[in-house]
file input_13.tsv (TSV, C-alpha atoms)
chain	number	residue	atom	x	y	z
A	24	MET	CA	-10.70	-12.00	-70.58
A	25	LYS	CA	-13.05	-14.32	-72.46
A	26	LEU	CA	-16.74	-13.93	-71.68
A	27	TRP	CA	-17.03	-17.37	-70.13
A	28	GLU	CA	-14.14	-16.60	-67.77
A	29	LYS	CA	-16.27	-13.98	-66.04
A	30	ASN	CA	-18.49	-16.78	-64.70
A	31	ILE	CA	-15.66	-18.71	-63.04
A	32	ARG	CA	-15.74	-18.48	-59.27
A	33	VAL	CA	-12.35	-17.29	-58.03
A	34	ILE	CA	-11.42	-18.30	-54.48
A	35	GLU	CA	-8.13	-17.99	-52.62
A	36	PRO	CA	-7.73	-21.69	-51.77
A	37	TYR	CA	-6.60	-23.33	-48.56
A	38	VAL	CA	-2.93	-24.32	-48.74
A	39	PRO	CA	-2.22	-27.61	-46.94
A	40	GLY	CA	1.14	-28.56	-45.48
A	41	GLU	CA	3.71	-29.76	-47.98
A	42	GLN	CA	3.73	-33.48	-48.74
A	43	PRO	CA	7.40	-34.21	-49.55
A	44	LYS	CA	8.04	-36.32	-52.64
A	45	VAL	CA	11.47	-37.45	-51.41
A	46	GLN	CA	12.12	-40.43	-49.16
A	47	ASP	CA	13.49	-40.67	-45.61
A	48	VAL	CA	12.19	-37.33	-44.40
A	49	ILE	CA	11.18	-36.42	-40.87
A	50	LYS	CA	7.72	-35.02	-41.44
A	51	LEU	CA	6.73	-32.61	-38.68
A	52	ASN	CA	4.63	-30.21	-40.74
A	53	THR	CA	1.08	-31.58	-40.97
A	54	ASN	CA	0.26	-32.72	-37.41
A	55	GLU	CA	0.01	-36.37	-38.35
A	56	ASN	CA	0.35	-38.95	-35.62
A	57	PRO	CA	3.84	-40.54	-35.68
A	58	TYR	CA	2.52	-43.89	-34.43
A	59	PRO	CA	0.57	-46.50	-36.41
A	60	PRO	CA	-3.19	-46.87	-35.94
A	61	ALA	CA	-4.70	-49.44	-33.61
A	62	PRO	CA	-3.95	-53.11	-34.42
A	63	GLU	CA	-7.61	-53.60	-35.32
A	64	VAL	CA	-6.82	-51.98	-38.66
A	65	GLU	CA	-4.74	-54.98	-39.74
A	66	GLU	CA	-7.43	-57.36	-38.53
A	67	ALA	CA	-10.11	-55.38	-40.36
A	68	LYS	CA	-8.11	-55.50	-43.59
A	69	GLU	CA	-8.03	-59.29	-43.39
A	70	SER	CA	-11.76	-59.61	-42.74
A	71	PHE	CA	-12.99	-56.96	-45.16
A	72	ASN	CA	-15.14	-58.47	-47.94
A	73	THR	CA	-13.80	-56.86	-51.12
A	74	ASP	CA	-17.01	-57.83	-52.93
A	75	MET	CA	-18.55	-54.91	-50.99
A	76	LEU	CA	-16.57	-52.52	-53.18
A	77	ARG	CA	-18.94	-53.09	-56.10
A	78	LEU	CA	-21.80	-51.73	-53.98
A	79	TYR	CA	-22.53	-48.18	-52.92
A	80	PRO	CA	-21.86	-47.63	-49.21
A	81	ASP	CA	-24.66	-47.05	-46.71
A	82	PRO	CA	-25.52	-43.33	-47.07
A	83	ASP	CA	-26.46	-43.24	-43.36
A	84	ALA	CA	-23.03	-44.67	-42.40
A	85	SER	CA	-24.82	-46.66	-39.70
A	86	VAL	CA	-21.99	-49.13	-39.02
A	87	LEU	CA	-19.77	-46.21	-37.99
A	88	THR	CA	-22.30	-43.99	-36.24
A	89	GLU	CA	-23.49	-46.94	-34.14
A	90	GLU	CA	-19.95	-47.62	-32.90
A	91	LEU	CA	-19.36	-43.91	-32.22
A	92	ALA	CA	-22.61	-43.85	-30.24
A	93	LYS	CA	-21.45	-46.80	-28.12
A	94	PHE	CA	-18.09	-45.21	-27.46
A	95	TYR	CA	-19.54	-41.88	-26.32
A	96	GLY	CA	-22.65	-43.24	-24.62
A	97	LEU	CA	-24.96	-41.35	-26.98
A	98	ASN	CA	-27.38	-42.28	-29.78
A	99	LYS	CA	-26.40	-42.74	-33.41
A	100	GLU	CA	-28.80	-39.89	-34.24
A	101	ASN	CA	-26.29	-37.60	-32.49
A	102	PHE	CA	-23.60	-38.24	-35.12
A	103	PHE	CA	-22.82	-37.01	-38.60
A	104	VAL	CA	-19.79	-38.47	-40.37
A	105	GLY	CA	-17.83	-37.23	-43.35
A	106	VAL	CA	-14.60	-37.41	-45.30
A	107	GLY	CA	-12.39	-35.95	-42.60
A	108	SER	CA	-13.47	-33.12	-40.32
A	109	ASP	CA	-12.91	-30.71	-43.25
A	110	ASP	CA	-15.84	-32.28	-45.07
A	111	VAL	CA	-17.93	-32.20	-41.89
A	112	ILE	CA	-17.23	-28.52	-41.22
A	113	SER	CA	-17.84	-27.63	-44.86
A	114	VAL	CA	-21.31	-29.18	-44.65
A	115	ALA	CA	-21.89	-27.38	-41.34
A	116	PHE	CA	-21.04	-24.03	-42.95
A	117	GLN	CA	-23.55	-24.71	-45.72
A	118	THR	CA	-26.20	-25.88	-43.27
A	119	PHE	CA	-26.04	-23.38	-40.42
A	120	PHE	CA	-24.39	-20.16	-41.57
A	121	ASN	CA	-27.11	-18.59	-43.70
A	122	SER	CA	-27.81	-15.36	-41.83
A	123	ASP	CA	-27.31	-11.84	-43.14
A	124	LYS	CA	-25.14	-11.26	-40.08
A	125	PRO	CA	-21.44	-12.20	-40.17
A	126	ILE	CA	-20.16	-15.35	-38.54
A	127	LEU	CA	-17.30	-14.99	-36.08
A	128	PHE	CA	-13.98	-16.84	-35.80
A	129	PRO	CA	-10.51	-15.76	-34.61
A	130	ASN	CA	-8.12	-13.84	-36.83
A	131	ILE	CA	-5.41	-16.44	-36.19
A	132	THR	CA	-6.97	-19.87	-36.55
A	133	TYR	CA	-7.53	-22.71	-39.01
A	134	SER	CA	-7.24	-20.93	-42.36
A	135	PHE	CA	-9.85	-23.11	-44.05
A	136	TYR	CA	-12.65	-21.19	-42.25
A	137	CYS	CA	-12.25	-18.07	-44.37
A	138	VAL	CA	-11.95	-20.21	-47.52
A	139	TRP	CA	-15.30	-21.90	-46.85
A	140	ALA	CA	-16.89	-18.57	-45.94
A	141	ASP	CA	-15.70	-17.07	-49.23
A	142	MET	CA	-16.73	-20.15	-51.18
A	143	TYR	CA	-20.26	-20.17	-49.77
A	144	ARG	CA	-20.64	-16.36	-49.80
A	145	ILE	CA	-20.90	-16.14	-46.02
A	146	LYS	CA	-20.10	-12.85	-44.33
A	147	TYR	CA	-17.52	-13.13	-41.58
A	148	GLU	CA	-15.54	-11.16	-39.03
A	149	CYS	CA	-12.33	-12.23	-37.32
A	150	PRO	CA	-11.84	-10.81	-33.81
A	151	LYS	CA	-8.18	-10.54	-32.88
A	152	LEU	CA	-6.53	-12.84	-30.39
A	153	ASP	CA	-4.86	-11.12	-27.44
A	154	ASP	CA	-1.08	-10.79	-27.07
A	155	ASN	CA	-0.90	-14.34	-25.63
A	156	PHE	CA	-2.82	-15.83	-28.58
A	157	LYS	CA	-5.94	-16.22	-26.43
A	158	ILE	CA	-9.48	-15.74	-27.69
A	159	LYS	CA	-11.20	-12.78	-26.03
A	160	ALA	CA	-14.66	-14.04	-25.05
A	161	GLU	CA	-16.22	-10.57	-25.01
A	162	ASP	CA	-15.53	-10.23	-28.74
A	163	TYR	CA	-18.12	-12.96	-29.27
A	164	TYR	CA	-20.90	-11.38	-27.23
A	165	LYS	CA	-22.15	-9.22	-30.11
A	166	GLU	CA	-24.87	-10.11	-32.57
A	167	ASN	CA	-23.67	-12.55	-35.25
A	168	GLY	CA	-24.69	-15.25	-37.68
A	169	GLY	CA	-22.80	-18.08	-35.96
A	170	VAL	CA	-19.53	-18.88	-34.21
A	171	ILE	CA	-16.75	-21.36	-34.90
A	172	PHE	CA	-13.39	-21.81	-33.22
A	173	PRO	CA	-10.94	-24.68	-32.68
A	174	ASN	CA	-10.14	-25.82	-29.17
A	175	PRO	CA	-7.17	-26.13	-28.86
A	176	ASN	CA	-6.70	-23.44	-31.47
A	177	ALA	CA	-4.57	-24.01	-34.55
A	178	PRO	CA	-1.87	-23.11	-35.36
A	179	THR	CA	-1.18	-21.82	-31.83
A	180	GLY	CA	-2.04	-24.93	-29.78
A	181	VAL	CA	-3.67	-22.76	-27.10
A	182	LEU	CA	-6.45	-24.47	-25.14
A	183	GLU	CA	-9.46	-22.67	-23.72
A	184	SER	CA	-11.18	-24.09	-20.63
A	185	LEU	CA	-14.59	-25.70	-20.73
A	186	ASP	CA	-15.90	-22.77	-18.66
A	187	PHE	CA	-14.67	-20.46	-21.41
A	188	VAL	CA	-16.46	-22.51	-24.08
A	189	GLU	CA	-19.66	-22.41	-22.05
A	190	ASP	CA	-19.35	-18.65	-21.69
A	191	ILE	CA	-19.31	-18.33	-25.49
A	192	LEU	CA	-22.35	-20.61	-25.67
A	193	ARG	CA	-24.27	-18.66	-23.02
A	194	HIS	CA	-23.83	-15.47	-25.05
A	195	ASN	CA	-24.76	-17.10	-28.38
A	196	GLN	CA	-27.87	-19.18	-27.84
A	197	ASP	CA	-29.66	-17.90	-30.96
A	198	VAL	CA	-27.02	-19.14	-33.43
A	199	ILE	CA	-25.07	-22.33	-34.02
A	200	VAL	CA	-21.76	-22.55	-32.18
A	201	ILE	CA	-19.26	-25.02	-33.63
A	202	VAL	CA	-16.32	-26.17	-31.50
A	203	ASP	CA	-13.68	-27.76	-33.70
A	204	GLU	CA	-11.95	-30.32	-31.47
A	205	ALA	CA	-9.42	-31.85	-33.87
A	206	TYR	CA	-6.76	-31.69	-31.11
A	207	ILE	CA	-8.83	-31.98	-27.92
A	208	ASP	CA	-7.51	-35.43	-26.97
A	209	PHE	CA	-3.96	-34.13	-26.46
A	210	GLY	CA	-4.79	-32.31	-23.24
A	211	GLY	CA	-8.22	-30.71	-23.18
A	212	LYS	CA	-11.72	-31.38	-21.92
A	213	SER	CA	-14.29	-31.90	-24.64
A	214	ALA	CA	-17.39	-29.74	-24.96
A	215	ILE	CA	-19.40	-32.92	-25.57
A	216	GLU	CA	-20.58	-32.80	-21.96
A	217	LEU	CA	-22.33	-29.49	-22.73
A	218	LEU	CA	-24.54	-30.98	-25.46
A	219	ASP	CA	-27.46	-31.68	-23.11
A	220	LYS	CA	-27.38	-28.07	-21.95
A	221	TYR	CA	-27.01	-26.28	-25.30
A	222	GLU	CA	-29.03	-27.55	-28.25
A	223	ASN	CA	-27.22	-25.11	-30.57
A	224	LEU	CA	-23.79	-26.69	-29.93
A	225	LEU	CA	-22.03	-28.77	-32.58
A	226	VAL	CA	-18.77	-30.51	-31.64
A	227	VAL	CA	-16.49	-31.70	-34.47
A	228	GLN	CA	-13.78	-34.33	-34.05
A	229	THR	CA	-11.59	-36.46	-36.31
A	230	PHE	CA	-9.76	-39.77	-36.63
A	231	SER	CA	-6.84	-37.99	-38.33
A	232	LYS	CA	-4.84	-36.83	-35.31
A	233	ALA	CA	-5.15	-38.83	-32.10
A	234	ARG	CA	-6.27	-42.01	-33.87
A	235	SER	CA	-3.49	-42.08	-36.50
A	236	MET	CA	-5.95	-42.33	-39.40
A	237	ALA	CA	-5.28	-39.19	-41.47
A	238	GLY	CA	-5.02	-41.29	-44.62
A	239	MET	CA	-8.45	-42.84	-44.11
A	240	ARG	CA	-10.26	-39.46	-43.92
A	241	ILE	CA	-12.87	-39.91	-41.18
A	242	GLY	CA	-14.40	-36.97	-39.36
A	243	TYR	CA	-17.60	-36.58	-37.39
A	244	ALA	CA	-19.88	-34.04	-35.75
A	245	ILE	CA	-21.75	-34.57	-32.50
A	246	GLY	CA	-24.91	-32.62	-31.77
A	247	ASN	CA	-28.62	-32.90	-31.10
A	248	PRO	CA	-30.63	-34.82	-33.73
A	249	VAL	CA	-32.18	-31.65	-35.15
A	250	LEU	CA	-28.75	-30.35	-36.16
A	251	ILE	CA	-27.62	-33.75	-37.44
A	252	ASN	CA	-30.78	-34.16	-39.54
A	253	ALA	CA	-30.24	-30.73	-41.06
A	254	MET	CA	-26.66	-31.62	-42.00
A	255	ASN	CA	-27.78	-34.90	-43.53
A	256	SER	CA	-30.36	-33.06	-45.64
A	257	VAL	CA	-27.61	-30.87	-47.07
A	258	LYS	CA	-25.28	-33.84	-47.59
A	259	PHE	CA	-27.97	-35.88	-49.37
A	260	SER	CA	-28.59	-32.88	-51.62
A	261	VAL	CA	-24.94	-32.86	-52.72
A	262	ASN	CA	-23.51	-36.37	-52.38
A	263	SER	CA	-25.28	-39.20	-50.56
A	264	TYR	CA	-22.26	-41.51	-50.57
A	265	THR	CA	-19.52	-39.47	-48.94
A	266	MET	CA	-17.99	-42.28	-46.87
A	267	ASN	CA	-16.47	-45.22	-48.74
A	268	GLN	CA	-16.91	-48.86	-47.72
A	269	THR	CA	-13.38	-49.32	-46.38
A	270	SER	CA	-13.48	-46.17	-44.23
A	271	LEU	CA	-16.80	-47.17	-42.73
A	272	PHE	CA	-15.68	-50.74	-42.02
A	273	ILE	CA	-12.21	-50.01	-40.66
A	274	GLY	CA	-13.33	-46.92	-38.75
A	275	SER	CA	-16.02	-48.91	-36.98
A	276	LYS	CA	-13.47	-51.53	-35.88
A	277	ILE	CA	-10.88	-49.27	-34.24
A	278	ILE	CA	-13.05	-46.92	-32.18
A	279	SER	CA	-13.45	-49.34	-29.28
A	280	ASN	CA	-9.72	-49.86	-28.54
A	281	LYS	CA	-9.51	-47.25	-25.80
A	282	LYS	CA	-6.27	-48.56	-24.28
A	283	TYR	CA	-4.23	-48.26	-27.48
A	284	PHE	CA	-5.72	-44.81	-28.05
A	285	GLU	CA	-4.77	-43.62	-24.56
A	286	ASP	CA	-1.30	-45.20	-24.65
A	287	THR	CA	-0.48	-43.45	-27.92
A	288	LEU	CA	-1.74	-40.13	-26.57
A	289	ALA	CA	0.41	-40.55	-23.46
A	290	LYS	CA	3.55	-41.06	-25.57
A	291	ILE	CA	2.87	-37.96	-27.67
A	292	ILE	CA	2.08	-35.82	-24.62
A	293	ASN	CA	5.25	-36.96	-22.87
A	294	THR	CA	7.36	-36.15	-25.95
A	295	ARG	CA	5.61	-32.79	-26.26
A	296	GLU	CA	6.54	-31.79	-22.71
A	297	ILE	CA	10.18	-32.84	-23.25
A	298	THR	CA	10.19	-30.87	-26.50
A	299	LYS	CA	8.95	-27.75	-24.72
A	300	GLU	CA	11.85	-27.89	-22.26
A	301	LYS	CA	14.46	-28.45	-24.96
A	302	LEU	CA	13.12	-25.68	-27.20
A	303	LYS	CA	13.06	-23.28	-24.25
A	304	ALA	CA	16.68	-24.14	-23.50
A	305	MET	CA	17.53	-23.18	-27.09
A	306	GLY	CA	15.88	-19.78	-26.70
A	307	PHE	CA	12.58	-20.51	-28.43
A	308	GLU	CA	9.37	-18.96	-27.14
A	309	PHE	CA	5.85	-20.33	-27.63
A	310	PRO	CA	2.39	-20.36	-26.08
A	311	ASP	CA	1.74	-23.39	-23.92
A	312	SER	CA	0.50	-26.07	-26.27
A	313	LYS	CA	-2.13	-28.67	-25.42
A	314	SER	CA	-2.11	-30.15	-28.91
A	315	ASN	CA	0.28	-32.40	-30.83
A	316	PHE	CA	2.35	-29.45	-32.07
A	317	ILE	CA	4.22	-26.40	-30.78
A	318	PHE	CA	4.01	-22.92	-32.29
A	319	ALA	CA	7.48	-21.50	-31.72
A	320	THR	CA	9.46	-18.35	-32.45
A	321	HIS	CA	13.03	-17.24	-31.75
A	322	LYS	CA	14.16	-13.66	-31.17
A	323	LYS	CA	17.57	-14.23	-32.74
A	324	TYR	CA	16.77	-16.41	-35.74
A	325	ALA	CA	14.17	-15.88	-38.46
A	326	ALA	CA	11.57	-18.62	-38.72
A	327	LYS	CA	11.78	-18.72	-42.52
A	328	ASP	CA	15.56	-19.24	-42.39
A	329	ILE	CA	15.21	-22.06	-39.87
A	330	PHE	CA	12.45	-23.61	-42.00
A	331	GLU	CA	14.62	-23.56	-45.12
A	332	TYR	CA	17.66	-24.94	-43.27
A	333	LEU	CA	15.70	-27.82	-41.77
A	334	LYS	CA	14.47	-28.80	-45.23
A	335	THR	CA	18.10	-29.27	-46.30
A	336	LYS	CA	18.31	-31.81	-43.46
A	337	LYS	CA	15.12	-33.50	-44.68
A	338	ILE	CA	13.18	-32.23	-41.68
A	339	TYR	CA	9.88	-30.58	-42.57
A	340	VAL	CA	8.08	-28.19	-40.22
A	341	ARG	CA	5.30	-25.72	-41.10
A	342	TYR	CA	6.02	-22.09	-41.90
A	343	PHE	CA	3.16	-19.63	-42.40
A	344	ASN	CA	4.06	-16.62	-44.54
A	345	THR	CA	1.19	-14.70	-42.96
A	346	PRO	CA	1.31	-11.26	-41.28
A	347	GLY	CA	1.39	-11.55	-37.50
A	348	ILE	CA	2.70	-15.11	-37.43
A	349	ASP	CA	5.40	-14.98	-40.11
A	350	ASN	CA	8.18	-15.48	-37.57
A	351	TYR	CA	6.69	-18.66	-36.11
A	352	LEU	CA	7.13	-22.33	-36.93
A	353	ARG	CA	4.52	-24.97	-36.19
A	354	ILE	CA	6.37	-28.12	-35.17
A	355	THR	CA	4.44	-31.39	-35.03
A	356	ILE	CA	5.38	-33.75	-32.22
A	357	GLY	CA	7.00	-36.86	-33.68
A	358	THR	CA	8.63	-39.84	-32.01
A	359	ASP	CA	11.41	-39.27	-29.48
A	360	GLU	CA	13.95	-40.28	-32.13
A	361	GLN	CA	12.54	-37.83	-34.67
A	362	MET	CA	12.54	-34.99	-32.17
A	363	ASP	CA	16.15	-35.73	-31.20
A	364	LYS	CA	17.13	-35.32	-34.86
A	365	LEU	CA	15.24	-32.03	-34.94
A	366	PHE	CA	17.11	-30.76	-31.86
A	367	GLU	CA	20.42	-31.83	-33.40
A	368	ALA	CA	19.64	-29.95	-36.63
A	369	LEU	CA	18.58	-26.84	-34.71
A	370	GLU	CA	21.79	-26.89	-32.71
A	371	GLN	CA	23.79	-27.19	-35.93
A	372	TYR	CA	21.93	-24.22	-37.41
A	373	MET	CA	22.57	-22.06	-34.34
A	374	ASP	CA	26.26	-23.03	-34.28
A	375	LYS	CA	26.83	-21.92	-37.89
call {"tool": "encode", "arguments": {"input": "input_13.tsv", "output": "structure tokens"}}
result
Amino acid sequence: MKLWEKNIRVIEPYVPGEQPKVQDVIKLNTNENPYPPAPEVEEAKESFNTDMLRLYPDPDASVLTEELAKFYGLNKENFFVGVGSDDVISVAFQTFFNSDKPILFPNITYSFYCVWADMYRIKYECPKLDDNFKIKAEDYYKENGGVIFPNPNAPTGVLESLDFVEDILRHNQDVIVIVDEAYIDFGGKSAIELLDKYENLLVVQTFSKARSMAGMRIGYAIGNPVLINAMNSVKFSVNSYTMNQTSLFIGSKIISNKKYFEDTLAKIINTREITKEKLKAMGFEFPDSKSNFIFATHKKYAAKDIFEYLKTKKIYVRYFNTPGIDNYLRITIGTDEQMDKLFEALEQYMDK
């Protein structure tokens, strides 16, 4: 090893879902929304002044935070925006998790959490989920340096009740508790209504899933102004201009179309419930999902073999080669037509 190599930080990186390079695939592996974004996107493209691209964007992202504030009935000082919720959570880790005590998050959850913790030299512990992939609240009653968990959880899709979330908050009022709500719109009740009661709560959401805007990279945190100011101080110390002009402009235009948002959610939820019944009929087992994906296993067929077979049919699902979940597939909910092709391919595999 060369001397300078000793100073390179070595981190086990997060591995995102595969982005196929071939055409005409059915992509059910990265939890993207199968429907296009709200029609306001096309209108915004037409009205966007491209001369703005020569200027730095507003570091306060006011055009977007003001629209978010209107939508949620809060103040713009309650919002922090970033390049997808990954960017937002990364800043939150740097801002709030600076104790000598370990932070807590589940052992089966969004795998980026341990990557950030390693990257920022944050101690952490991962309490185990129970046999039904549920978080055990009592595991989070002990002293810690902060708490983060997704609700619904990923990759399991399991939703915890708002009472459960509040129980975690009640037992952790001396640290920051982050509730990652990337999938909350697909069947859960947001912890936003607890913000007035718990000043240490930070709720994180995204445009990537329910709003069909994964390619635009817009995420946001909602919390009391003290938390938001602290996050902005960290952001301004690293990169003042995280949000580009087009994301700010287009994002601010689509947030108000509640009907399109709800109609799209209804279609995905309906397809999800049909998918559950069809997968059960095929012998698959899975925890009840309240997200836009299903985390399924089969007693007779190995998940890795199914995964590889589906790829030959140009159908991509997510396989995690991770102990404890290495016989599960995470299947994103697509359109009815896409799911029918998935069922057909699964039947062909089982008939071999």
call {"tool": "closest_residue", "arguments": {"input": "input_13.tsv", "among": "A:Pro59, A:Gly40, A:Gly246, A:Pro175", "to": "Val200 of chain A", "atoms": "only C-alpha atoms"}}
result
A:Gly246
call {"tool": "residues_near_point", "arguments": {"input": "input_13.tsv", "point": "(-5.9, -51.6, -35.3)", "cutoff": "12 Å", "atoms": "only C-alpha atoms", "output": "count of residues only"}}
result
28
call {"tool": "closest_residue", "arguments": {"input": "input_13.tsv", "among": "A:Phe318, A:Tyr136, A:Phe119, A:Tyr206", "to": "Lys299 of chain A", "atoms": "all atoms listed in the file"}}
result
A:Phe318
call {"tool": "atom_distance", "arguments": {"input": "input_13.tsv", "atom1": "atom CA of Glu89 of chain A", "atom2": "atom CA of Lys290 of chain A"}}
result
29.0 Å
call {"tool": "atom_distance", "arguments": {"input": "input_13.tsv", "atom1": "atom CA of Gly347 of chain A", "atom2": "atom CA of Thr132 of chain A"}}
result
11.8 Å
call {"tool": "residues_around", "arguments": {"input": "input_13.tsv", "residues": "Gly238 of chain A", "least_positions_apart": "2", "cutoff": "10 Å", "atoms": "only C-alpha atoms", "output": "list in words"}}
result
Glu55, Gly107, Phe230, Ser231, Ser235, Met236, Arg240, Ile241 and Ser270 of chain A
call {"tool": "atom_distance", "arguments": {"input": "input_13.tsv", "atom1": "atom CA of Asp197 of chain A", "atom2": "atom CA of Asn167 of chain A"}}
result
9.1 Å
call {"tool": "closest_residue", "arguments": {"input": "input_13.tsv", "among": "A:Ile131, A:Leu192, A:Ile207, A:Val249", "to": "Glu161 of chain A", "atoms": "all atoms listed in the file"}}
result
A:Leu192
call {"tool": "closest_residue", "arguments": {"input": "input_13.tsv", "among": "A:Ile245, A:Thr298, A:Thr269, A:Met362", "to": "Arg77 of chain A", "atoms": "all atoms listed in the file"}}
result
A:Thr269
call {"tool": "residues_near_point", "arguments": {"input": "input_13.tsv", "point": "(-3.3, -28.9, -19.6)", "cutoff": "10 Å", "atoms": "only C-alpha atoms", "output": "PyMOL selection string"}}
result
chain A and resi 181-184+209-212+311-314
call {"tool": "closest_residue", "arguments": {"input": "input_13.tsv", "among": "A:Ala368, A:Val106, A:Met24, A:Leu91", "to": "Thr265 of chain A", "atoms": "only C-alpha atoms"}}
result
A:Val106
call {"tool": "closest_residue", "arguments": {"input": "input_13.tsv", "among": "A:Asn121, A:Ser108, A:Asn56, A:Asn101", "to": "Leu250 of chain A", "atoms": "all atoms listed in the file"}}
result
A:Asn101
call {"tool": "residues_around", "arguments": {"input": "input_13.tsv", "residues": "segment 110-114 of chain A", "least_positions_apart": "6", "cutoff": "8 Å", "atoms": "all atoms listed in the file", "output": "list in words"}}
result
Phe103, Val104, Trp139, Val227, Gly242, Tyr243, Ala244, Met254, Val257 and Lys258 of chain A
call {"tool": "residues_around", "arguments": {"input": "input_13.tsv", "residues": "Lys334 of chain A", "least_positions_apart": "6", "cutoff": "12 Å", "atoms": "all atoms listed in the file", "output": "list in words"}}
result
Glu41, Pro43, Val45, Asp47, Val48, Ile49, Lys50, Leu51, Asn52, Lys327, Asp328, Val340, Arg341, Tyr342, Leu365, Ala368, Leu369 and Tyr372 of chain A
call {"tool": "residues_around", "arguments": {"input": "input_13.tsv", "residues": "Tyr351 of chain A", "least_positions_apart": "5", "cutoff": "8 Å", "atoms": "only C-alpha atoms", "output": "ChimeraX atom specification"}}
result
/A:318-321,326,342-343
call {"tool": "build_atoms", "arguments": {"input": "input_13.tsv", "residues": "segment 198-212 of chain A", "atoms": "N, CA and C atoms", "output": "PDB file, keeping the file's coordinate frame"}}
result
ATOM      1  N   VAL A 198     -27.740 -18.724 -32.216  1.00  0.00           N
ATOM      2  CA  VAL A 198     -27.020 -19.140 -33.430  1.00  0.00           C
ATOM      3  C   VAL A 198     -26.323 -20.461 -33.138  1.00  0.00           C
ATOM      4  N   ILE A 199     -25.827 -21.092 -34.179  1.00  0.00           N
ATOM      5  CA  ILE A 199     -25.070 -22.330 -34.020  1.00  0.00           C
ATOM      6  C   ILE A 199     -23.633 -22.002 -33.634  1.00  0.00           C
ATOM      7  N   VAL A 200     -23.149 -22.676 -32.606  1.00  0.00           N
ATOM      8  CA  VAL A 200     -21.760 -22.550 -32.180  1.00  0.00           C
ATOM      9  C   VAL A 200     -21.057 -23.871 -32.461  1.00  0.00           C
ATOM     10  N   ILE A 201     -20.013 -23.819 -33.282  1.00  0.00           N
ATOM     11  CA  ILE A 201     -19.260 -25.020 -33.630  1.00  0.00           C
ATOM     12  C   ILE A 201     -17.916 -24.985 -32.912  1.00  0.00           C
ATOM     13  N   VAL A 202     -17.628 -26.031 -32.152  1.00  0.00           N
ATOM     14  CA  VAL A 202     -16.320 -26.170 -31.500  1.00  0.00           C
ATOM     15  C   VAL A 202     -15.565 -27.261 -32.226  1.00  0.00           C
ATOM     16  N   ASP A 203     -14.504 -26.865 -32.872  1.00  0.00           N
ATOM     17  CA  ASP A 203     -13.680 -27.760 -33.700  1.00  0.00           C
ATOM     18  C   ASP A 203     -12.615 -28.389 -32.793  1.00  0.00           C
ATOM     19  N   GLU A 204     -12.803 -29.662 -32.456  1.00  0.00           N
ATOM     20  CA  GLU A 204     -11.950 -30.320 -31.470  1.00  0.00           C
ATOM     21  C   GLU A 204     -10.990 -31.331 -32.115  1.00  0.00           C
ATOM     22  N   ALA A 205     -10.363 -30.950 -33.198  1.00  0.00           N
ATOM     23  CA  ALA A 205      -9.420 -31.850 -33.870  1.00  0.00           C
ATOM     24  C   ALA A 205      -8.291 -32.286 -32.943  1.00  0.00           C
ATOM     25  N   TYR A 206      -7.921 -31.420 -31.963  1.00  0.00           N
ATOM     26  CA  TYR A 206      -6.760 -31.690 -31.110  1.00  0.00           C
ATOM     27  C   TYR A 206      -7.123 -31.860 -29.634  1.00  0.00           C
ATOM     28  N   ILE A 207      -8.389 -32.001 -29.321  1.00  0.00           N
ATOM     29  CA  ILE A 207      -8.830 -31.980 -27.920  1.00  0.00           C
ATOM     30  C   ILE A 207      -8.244 -33.125 -27.097  1.00  0.00           C
ATOM     31  N   ASP A 208      -7.967 -34.256 -27.724  1.00  0.00           N
ATOM     32  CA  ASP A 208      -7.510 -35.430 -26.970  1.00  0.00           C
ATOM     33  C   ASP A 208      -6.090 -35.280 -26.430  1.00  0.00           C
ATOM     34  N   PHE A 209      -5.350 -34.283 -26.891  1.00  0.00           N
ATOM     35  CA  PHE A 209      -3.960 -34.130 -26.460  1.00  0.00           C
ATOM     36  C   PHE A 209      -3.825 -33.282 -25.189  1.00  0.00           C
ATOM     37  N   GLY A 210      -4.930 -33.019 -24.507  1.00  0.00           N
ATOM     38  CA  GLY A 210      -4.790 -32.310 -23.240  1.00  0.00           C
ATOM     39  C   GLY A 210      -5.969 -31.486 -22.805  1.00  0.00           C
ATOM     40  N   GLY A 211      -7.074 -31.539 -23.522  1.00  0.00           N
ATOM     41  CA  GLY A 211      -8.220 -30.710 -23.180  1.00  0.00           C
ATOM     42  C   GLY A 211      -9.423 -31.508 -22.733  1.00  0.00           C
ATOM     43  N   LYS A 212     -10.453 -30.786 -22.347  1.00  0.00           N
ATOM     44  CA  LYS A 212     -11.720 -31.380 -21.920  1.00  0.00           C
ATOM     45  C   LYS A 212     -12.754 -31.059 -22.981  1.00  0.00           C
TER      46      LYS A 212
END
